[in-house]
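Shown here: final.txt, compact mmCIF, C-alpha atoms (C1' of nucleotides).
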```txt
# COMPACT_ATOMS: atom_id res chain seq x y z
CA MET A 59 63.57 148.13 -44.10
CA THR A 60 60.49 148.37 -46.30
CA SER A 61 58.74 151.64 -46.84
CA SER A 62 55.05 152.37 -46.64
CA MET A 63 55.57 155.32 -48.93
CA PRO A 64 54.36 155.16 -52.53
CA PRO A 65 57.16 155.31 -55.08
CA PRO A 66 58.20 158.80 -56.15
CA ILE A 67 56.10 160.15 -58.96
CA VAL A 68 58.68 162.64 -60.10
CA ASP A 69 61.44 161.60 -62.43
CA PRO A 70 64.70 161.83 -60.45
CA THR A 71 66.77 162.94 -63.41
CA ARG A 72 64.39 165.75 -64.28
CA LEU A 73 64.34 166.80 -60.66
CA HIS A 74 68.13 166.82 -60.40
CA ASP A 75 68.61 168.75 -63.61
CA ALA A 76 66.00 171.37 -62.79
CA VAL A 77 67.24 172.05 -59.27
CA ILE A 78 70.92 172.02 -60.16
CA ASP A 79 70.37 174.27 -63.14
CA TRP A 80 68.46 176.72 -60.98
CA PHE A 81 71.24 176.59 -58.39
CA GLY A 82 73.74 177.57 -61.06
CA ARG A 83 71.89 180.84 -61.55
CA ALA A 84 70.46 181.61 -58.13
CA ALA A 85 73.05 180.38 -55.62
CA ARG A 86 74.11 182.94 -53.05
CA ASP A 87 77.75 183.88 -52.89
CA LEU A 88 78.39 182.74 -49.33
CA PRO A 89 81.88 182.90 -47.82
CA TRP A 90 81.93 179.24 -46.83
CA ARG A 91 81.22 178.37 -50.47
CA ARG A 92 83.74 180.78 -51.92
CA ASP A 93 86.49 179.45 -49.68
CA ALA A 94 85.23 175.94 -48.98
CA THR A 95 88.13 174.56 -46.98
CA PRO A 96 87.13 171.73 -44.65
CA TRP A 97 87.64 173.90 -41.57
CA ALA A 98 85.66 176.79 -43.05
CA VAL A 99 82.80 174.47 -43.91
CA MET A 100 82.91 172.89 -40.49
CA VAL A 101 82.80 176.24 -38.71
CA SER A 102 79.91 177.40 -40.89
CA GLU A 103 77.94 174.22 -40.26
CA PHE A 104 78.27 174.54 -36.50
CA MET A 105 77.17 178.15 -36.62
CA LEU A 106 74.29 177.47 -38.99
CA GLN A 107 72.72 174.86 -36.73
CA GLN A 108 69.33 176.41 -35.96
CA THR A 109 70.66 179.85 -36.85
CA PRO A 110 69.85 182.00 -39.91
CA VAL A 111 72.57 182.78 -42.46
CA ALA A 112 72.31 186.54 -42.01
CA ARG A 113 73.21 186.35 -38.34
CA VAL A 114 76.04 183.89 -38.90
CA LEU A 115 77.91 185.91 -41.53
CA PRO A 116 79.70 188.52 -39.39
CA VAL A 117 80.60 186.08 -36.63
CA TYR A 118 81.86 183.57 -39.17
CA GLU A 119 84.14 186.11 -40.84
CA ALA A 120 85.67 187.22 -37.57
CA TRP A 121 86.05 183.63 -36.40
CA LEU A 122 87.99 182.41 -39.44
CA GLU A 123 90.18 185.48 -39.42
CA ARG A 124 91.12 184.85 -35.82
CA TRP A 125 91.29 181.06 -36.05
CA PRO A 126 92.17 180.03 -39.63
CA THR A 127 92.85 176.42 -38.63
CA PRO A 128 91.61 173.96 -36.00
CA ALA A 129 94.99 174.23 -34.28
CA ASP A 130 94.58 177.99 -33.90
CA LEU A 131 91.31 177.54 -32.08
CA ALA A 132 92.49 174.61 -30.01
CA ALA A 133 95.42 176.71 -28.77
CA GLU A 134 93.09 179.07 -26.93
CA PRO A 135 90.85 178.50 -23.92
CA ALA A 136 87.31 177.31 -24.59
CA GLY A 137 86.00 180.51 -23.03
CA GLU A 138 87.44 182.53 -25.87
CA ALA A 139 85.38 180.50 -28.30
CA VAL A 140 82.26 181.10 -26.22
CA ARG A 141 82.99 184.83 -26.14
CA ALA A 142 83.61 185.04 -29.88
CA TRP A 143 80.38 183.13 -30.43
CA GLY A 144 78.62 186.31 -29.38
CA ARG A 145 74.86 186.25 -29.60
CA LEU A 146 74.50 183.40 -32.07
CA GLY A 147 72.68 181.39 -29.44
CA TYR A 148 73.14 177.84 -28.17
CA PRO A 149 76.63 178.63 -26.84
CA ARG A 150 77.28 174.95 -26.21
CA ARG A 151 77.96 174.82 -29.93
CA ALA A 152 81.00 177.05 -29.36
CA LEU A 153 82.18 174.71 -26.66
CA ARG A 154 81.71 171.71 -28.92
CA LEU A 155 83.45 173.38 -31.83
CA HIS A 156 86.41 174.10 -29.59
CA ALA A 157 86.42 170.52 -28.34
CA ALA A 158 86.13 169.23 -31.91
CA ALA A 159 89.12 171.36 -32.94
CA THR A 160 91.09 169.93 -30.06
CA ALA A 161 90.14 166.39 -31.07
CA ILE A 162 91.15 167.13 -34.66
CA VAL A 163 94.55 168.34 -33.53
CA GLU A 164 95.12 165.45 -31.18
CA GLY A 165 93.65 162.65 -33.26
CA HIS A 166 93.76 163.70 -36.89
CA GLY A 167 96.95 165.68 -37.34
CA GLY A 168 95.05 168.95 -37.43
CA GLN A 169 93.05 167.96 -40.51
CA VAL A 170 89.25 167.74 -40.56
CA PRO A 171 88.38 164.03 -40.96
CA THR A 172 86.83 162.74 -44.16
CA SER A 173 85.06 159.56 -43.03
CA PRO A 174 81.53 159.57 -41.60
CA GLU A 175 82.68 157.59 -38.57
CA ASP A 176 85.51 159.96 -37.68
CA LEU A 177 83.31 162.98 -38.22
CA ARG A 178 80.48 161.65 -36.11
CA ALA A 179 82.92 160.99 -33.29
CA LEU A 180 83.60 164.71 -33.02
CA PRO A 181 81.58 166.60 -30.41
CA GLY A 182 78.74 168.57 -31.99
CA VAL A 183 78.80 166.60 -35.25
CA GLY A 184 75.57 164.68 -35.81
CA GLU A 185 74.08 163.00 -38.84
CA TYR A 186 73.43 166.21 -40.72
CA THR A 187 76.72 167.99 -40.03
CA ALA A 188 78.79 164.93 -40.92
CA ALA A 189 76.97 164.61 -44.24
CA ALA A 190 77.33 168.33 -44.90
CA ILE A 191 81.09 168.29 -44.30
CA ILE A 192 81.50 165.24 -46.52
CA SER A 193 79.51 166.95 -49.27
CA PHE A 194 80.54 170.59 -49.11
CA ALA A 195 84.10 170.30 -47.84
CA HIS A 196 85.23 167.09 -49.50
CA GLY A 197 82.90 166.91 -52.48
CA GLY A 198 81.80 163.47 -51.36
CA ARG A 199 78.54 161.60 -51.76
CA ALA A 200 76.34 161.67 -48.67
CA VAL A 201 72.66 161.83 -47.81
CA VAL A 202 72.25 165.37 -46.52
CA MET A 203 69.01 166.02 -44.70
CA ASP A 204 68.53 169.42 -43.17
CA THR A 205 65.29 171.28 -42.56
CA ASN A 206 65.36 172.77 -46.08
CA ILE A 207 65.96 169.55 -47.96
CA ARG A 208 63.42 167.69 -45.87
CA ARG A 209 60.79 170.32 -46.64
CA VAL A 210 61.56 170.35 -50.37
CA LEU A 211 61.31 166.57 -50.64
CA ALA A 212 58.16 166.50 -48.51
CA ARG A 213 56.47 168.92 -50.86
CA VAL A 214 57.78 168.04 -54.29
CA VAL A 215 57.92 164.27 -53.93
CA THR A 216 55.64 163.29 -51.08
CA GLY A 217 53.05 166.00 -51.56
CA VAL A 218 52.73 167.28 -48.02
CA GLU A 219 53.46 170.73 -46.67
CA PHE A 220 55.90 169.76 -43.92
CA PRO A 221 57.98 166.72 -43.01
CA ALA A 222 57.54 164.94 -39.68
CA ALA A 223 59.09 166.44 -36.58
CA ALA A 224 61.85 163.85 -36.60
CA VAL A 225 63.49 162.16 -39.58
CA THR A 226 61.63 158.96 -40.45
CA ALA A 227 62.98 155.81 -42.04
CA ALA A 228 60.83 156.43 -45.09
CA GLU A 229 62.29 159.87 -45.45
CA ARG A 230 65.82 158.57 -45.25
CA GLU A 231 65.01 155.95 -47.87
CA LEU A 232 63.53 158.56 -50.15
CA ALA A 233 66.54 160.85 -49.83
CA THR A 234 68.87 157.92 -50.42
CA SER A 235 66.97 156.83 -53.52
CA LEU A 236 67.25 160.35 -54.91
CA LEU A 237 70.97 160.68 -54.29
CA PRO A 238 72.53 161.01 -57.74
CA ALA A 239 75.59 158.97 -58.67
CA GLU A 240 77.41 162.06 -59.91
CA ARG A 241 77.71 165.55 -58.39
CA ALA A 242 75.79 164.44 -55.30
CA HIS A 243 77.29 167.34 -53.36
CA VAL A 244 75.88 169.83 -55.86
CA TRP A 245 72.48 168.20 -55.57
CA ALA A 246 72.64 168.58 -51.80
CA ALA A 247 73.66 172.24 -51.93
CA ALA A 248 71.11 173.01 -54.61
CA THR A 249 68.20 171.36 -52.82
CA MET A 250 69.13 173.10 -49.60
CA GLU A 251 69.33 176.44 -51.36
CA LEU A 252 65.95 175.89 -52.99
CA GLY A 253 64.41 175.30 -49.60
CA ALA A 254 66.11 178.35 -48.14
CA LEU A 255 65.23 180.78 -50.92
CA VAL A 256 62.11 179.51 -52.71
CA CYS A 257 60.43 176.57 -51.02
CA THR A 258 60.36 178.34 -47.66
CA ALA A 259 58.33 177.31 -44.65
CA ARG A 260 56.05 180.34 -44.41
CA SER A 261 55.48 181.66 -47.91
CA PRO A 262 56.82 179.44 -50.69
CA GLN A 263 57.51 181.23 -53.97
CA CYS A 264 56.00 178.66 -56.30
CA GLN A 265 55.84 181.28 -59.06
CA VAL A 266 59.59 181.22 -59.47
CA CYS A 267 60.21 177.61 -58.44
CA PRO A 268 62.16 175.58 -61.00
CA VAL A 269 60.32 172.37 -60.07
CA ALA A 270 56.80 173.74 -59.67
CA GLN A 271 55.65 171.75 -62.70
CA MET A 272 56.59 168.47 -61.05
CA CYS A 273 55.63 169.36 -57.47
CA ARG A 274 53.18 166.96 -55.94
CA TRP A 275 52.13 169.32 -53.15
CA ARG A 276 51.36 172.07 -55.63
CA ALA A 277 49.49 169.65 -57.89
CA ALA A 278 47.36 168.66 -54.92
CA GLY A 279 46.40 172.28 -54.34
CA HIS A 280 48.78 173.08 -51.49
CA PRO A 281 46.93 171.10 -48.81
CA ALA A 282 47.58 172.45 -45.33
CA HIS A 283 49.72 170.55 -42.87
CA ASP A 284 47.83 167.56 -41.53
CA GLY A 285 49.04 166.41 -38.16
CA PRO A 286 49.81 167.52 -34.65
CA PRO A 287 50.72 171.21 -34.39
CA ARG A 288 54.43 171.71 -34.08
CA ARG A 289 55.18 172.67 -30.58
CA GLY A 290 56.16 176.30 -30.27
CA GLN A 291 59.16 177.12 -28.13
CA SER A 292 58.09 179.08 -25.09
CA TRP A 293 60.54 181.67 -23.90
CA GLU A 294 59.39 184.21 -21.31
CA GLY A 295 60.53 183.16 -17.87
CA THR A 296 62.23 179.96 -18.99
CA ASP A 297 65.57 178.61 -17.86
CA ARG A 298 66.84 179.27 -21.33
CA GLN A 299 66.10 182.96 -21.04
CA CYS A 300 67.76 183.01 -17.65
CA ARG A 301 70.84 181.22 -18.98
CA GLY A 302 71.01 183.68 -21.82
CA ARG A 303 71.04 186.61 -19.44
CA LEU A 304 73.80 185.10 -17.33
CA MET A 305 75.93 184.24 -20.35
CA ALA A 306 75.54 187.75 -21.73
CA VAL A 307 76.99 189.20 -18.54
CA LEU A 308 80.01 186.91 -18.70
CA ARG A 309 80.56 187.47 -22.42
CA ASP A 310 80.49 191.22 -22.09
CA ALA A 311 82.88 191.27 -19.17
CA THR A 312 86.63 191.29 -19.79
CA GLY A 313 87.39 188.99 -16.89
CA PRO A 314 85.78 187.24 -13.93
CA VAL A 315 82.61 188.83 -12.59
CA ALA A 316 81.28 188.97 -9.04
CA LYS A 317 78.21 186.89 -8.31
CA ALA A 318 76.35 190.11 -7.52
CA ALA A 319 76.70 191.11 -11.17
CA LEU A 320 74.87 187.94 -12.15
CA ASP A 321 72.22 188.28 -9.47
CA VAL A 322 70.91 191.56 -10.85
CA VAL A 323 69.94 190.18 -14.25
CA TRP A 324 67.38 187.63 -12.97
CA PRO A 325 64.95 188.25 -10.14
CA ASP A 326 64.03 184.67 -9.24
CA ALA A 327 66.91 183.55 -7.02
CA ALA A 328 66.05 179.86 -7.04
CA GLN A 329 65.80 179.68 -10.80
CA ARG A 330 68.93 181.77 -11.17
CA GLU A 331 70.98 179.46 -8.98
CA ARG A 332 69.68 176.43 -10.78
CA ALA A 333 70.55 177.94 -14.16
CA LEU A 334 74.01 178.96 -13.01
CA ASP A 335 74.69 175.49 -11.65
CA ALA A 336 73.57 174.02 -14.95
CA LEU A 337 75.86 176.35 -16.88
CA VAL A 338 78.76 175.28 -14.70
CA ALA A 339 77.82 171.62 -15.22
CA ASP A 340 77.70 172.25 -18.97
CA GLY A 341 81.19 173.71 -18.88
CA LEU A 342 80.03 177.09 -20.10
CA VAL A 343 80.84 178.83 -16.84
CA GLU A 344 83.76 178.38 -14.49
CA PRO A 345 83.35 179.17 -10.79
CA LEU A 346 86.42 180.86 -9.36
CA GLU A 347 87.43 181.90 -5.88
CA ASP A 348 85.79 184.73 -3.94
CA GLU A 349 82.34 184.11 -5.43
CA THR A 350 83.37 185.08 -8.93
CA TYR A 351 82.60 183.45 -12.25
CA ALA A 352 84.14 183.51 -15.71
CA LEU A 353 83.98 181.91 -19.11
CA PRO A 354 86.01 178.67 -19.00
CA GLY A 355 89.76 179.23 -19.02
CA THR A 356 89.56 182.98 -19.09
C1' DG B 255 61.46 159.79 -28.44
C1' DA B 256 60.25 163.82 -26.29
C1' DG B 257 62.74 167.76 -23.92
C1' DT B 258 66.17 170.92 -23.69
C1' DC B 259 69.22 174.26 -25.37
C1' DG B 260 69.58 181.03 -27.39
C1' DT B 261 68.57 184.63 -30.17
C1' DG B 262 66.31 187.71 -33.13
C1' DG B 263 63.84 188.48 -37.50
C1' DT B 264 59.30 188.20 -39.58
C1' DG B 265 54.67 186.96 -41.95
C1' DT C 191 51.26 191.68 -32.30
C1' DC C 192 53.16 187.24 -31.48
C1' DA C 193 53.68 182.49 -32.72
C1' DC C 194 56.65 180.59 -35.82
C1' DC C 195 61.02 179.70 -37.67
C1' DA C 196 66.18 179.19 -38.49
C1' DA C 197 72.18 174.36 -42.77
C1' DG C 198 70.64 170.29 -35.20
C1' DA C 199 72.88 167.79 -31.38
C1' DC C 200 72.43 165.45 -27.36
C1' DT C 201 70.28 163.07 -23.47
```

Show this structure as structure tokens.
Amino acid sequence: MTSSMPPPIVDPTRLHDAVIDWFGRAARDLPWRRDATPWAVMVSEFMLQQTPVARVLPVYEAWLERWPTPADLAAEPAGEAVRAWGRLGYPRRALRLHAAATAIVEGHGGQVPTSPEDLRALPGVGEYTAAAIISFAHGGRAVVMDTNIRRVLARVVTGVEFPAAAVTAAERELATSLLPAERAHVWAAATMELGALVCTARSPQCQVCPVAQMCRWRAAGHPAHDGPPRRGQSWEGTDRQCRGRLMAVLRDATGPVAKAALDVVWPDAAQRERALDALVADGLVEPLEDETYALPGT
DNA sequence: GAGTCGTGGTG
DNA sequence: TCACCAAGACT
């Protein structure tokens, strides 16, 4: 696969050293770094998918205390995972994490897999999460591309404000070419941290950036994003909002709830029924007898 | 490849 | 205020 991208202008070694050195001073003391067992890393990565660190922290702590191993989680009904997920959002992630724990117990002796293939076969583990687990849990060498790293590379190396909506081949080639032979996992964590703390989406702190001197976007005068506007996520009146309301009722209940309790949280009956059916199809809700509903297995 | 899937903080 | 954004995965 040939790339249409010009070769990187920055010197990879300088880039690595600057970012990793900065990371040594500025890295946050996060619980999944302090106790980076494979299961802890895996749980954190599921929770951090599209969810800010600050909101993950309390749920993460409670989760690992209750379920210190994959087997502990797999031993309980999926609904308990959904309930403990709380208001993190995208509750299917809780379902997938539970299913992944079950698969780990049944197929991997209770140990989080180490190979990309085995990791990707787990529900909820995509390209990013597999690479993250390999890097942060096993100290392996993998191309990690999350929203932070993609933005940092787009700016520093490519010279544009934002990466494309979806990962491109050129981007993957660039990230691969920059993957250091040694301490690749530190490079991944450091680049991600730089994107999270300094090279942020809204208001980048170039004044304190360790690679400002070699940043192509900065050198070009911070040109604004050129391309189609990134589609905002609508919310009011959507199925997602409706689903959220229904799930909140079931989470906050101690057992099965009557359908009437669900009806009152969404006025549009047709949309409500459609959303409820979808939740059942997704496995997030279990219909029981006498027109009652519950989280699966509870 | 574009759509869908939650929730809440913030510039 | 409100559109944007947050360690994506899946169809």

| remark: note - atom CA of A:Leu337 and atom CA of A:Arg178 are separated by 24.6 Å

| task | Rounded to one decimal place, report the atom CA of A:Phe194-atom CA of A:Trp80 distance in Å. | result | 18.0 Å

Taking only C-alpha atoms (C1' of nucleotides) into account, which residues of chain B are within 8 Å of chain A, as a PDB file with C-alpha atoms (C1' of nucleotides), keeping the file's coordinate frame?
```pdb
ATOM      1  C1'  DC B 259      69.220 174.260 -25.370  1.00  0.00           C
ATOM      2  C1'  DG B 260      69.580 181.030 -27.390  1.00  0.00           C
ATOM      3  C1'  DT B 261      68.570 184.630 -30.170  1.00  0.00           C
ATOM      4  C1'  DG B 265      54.670 186.960 -41.950  1.00  0.00           C
TER       5       DG B 265
END
```

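Distance criterion 9 Å to chain C, applied with only C-alpha atoms (C1' of nucleotides), yields Ser102, Glu103, Phe104, Met105, Leu106, Gln107, Gln108, Thr109, Pro110, Val111, Arg151, Pro181, Gly182, Val183, Gly184, Glu185, Tyr186, Thr187, Ala190, Asp204, Thr205, Asn206, Met250, Ala259, Arg260, Gly290 and Gln291 of chain A on chain A.
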
| said: Can you pull out the residues contacting A:Phe220? Cut-off 8 Å, using all atoms listed in the file, and skip same-chain residues under 4 positions away; I want them as a list of chain:residue names. | reply: A:Arg209, A:Ala212, A:Arg213, A:Ala259, A:His283

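When atom CA of A:Ala152 is paired with atom CA of A:Ser292, their separation reads 23.4 Å.
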
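If all atoms listed in the file are the atoms counted, then among A:Ile192, A:Met272, A:Ala157, A:Met100 the closest residue to A:Leu211 is A:Met272.
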
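Minimum atom-to-atom distance to A:Leu153, evaluated using all atoms listed in the file, belongs to A:Glu134 out of A:Glu134, A:Val323, A:Gly165, A:Ala179.
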
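Compared by their closest atoms to A:Ala282, and using all atoms listed in the file, the residues A:Arg154, A:Arg199, A:Asp75, A:Val218 rank with A:Val218 nearest.
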
| Which neighbours of A:Val163 fall inside 12 Å, counting all atoms listed in the file, when residues of the same chain fewer than 6 positions from it are skipped, and could you give them as an NGL selection string? | :A and (97 or 127-133 or 156-157 or 169-171 or 180)
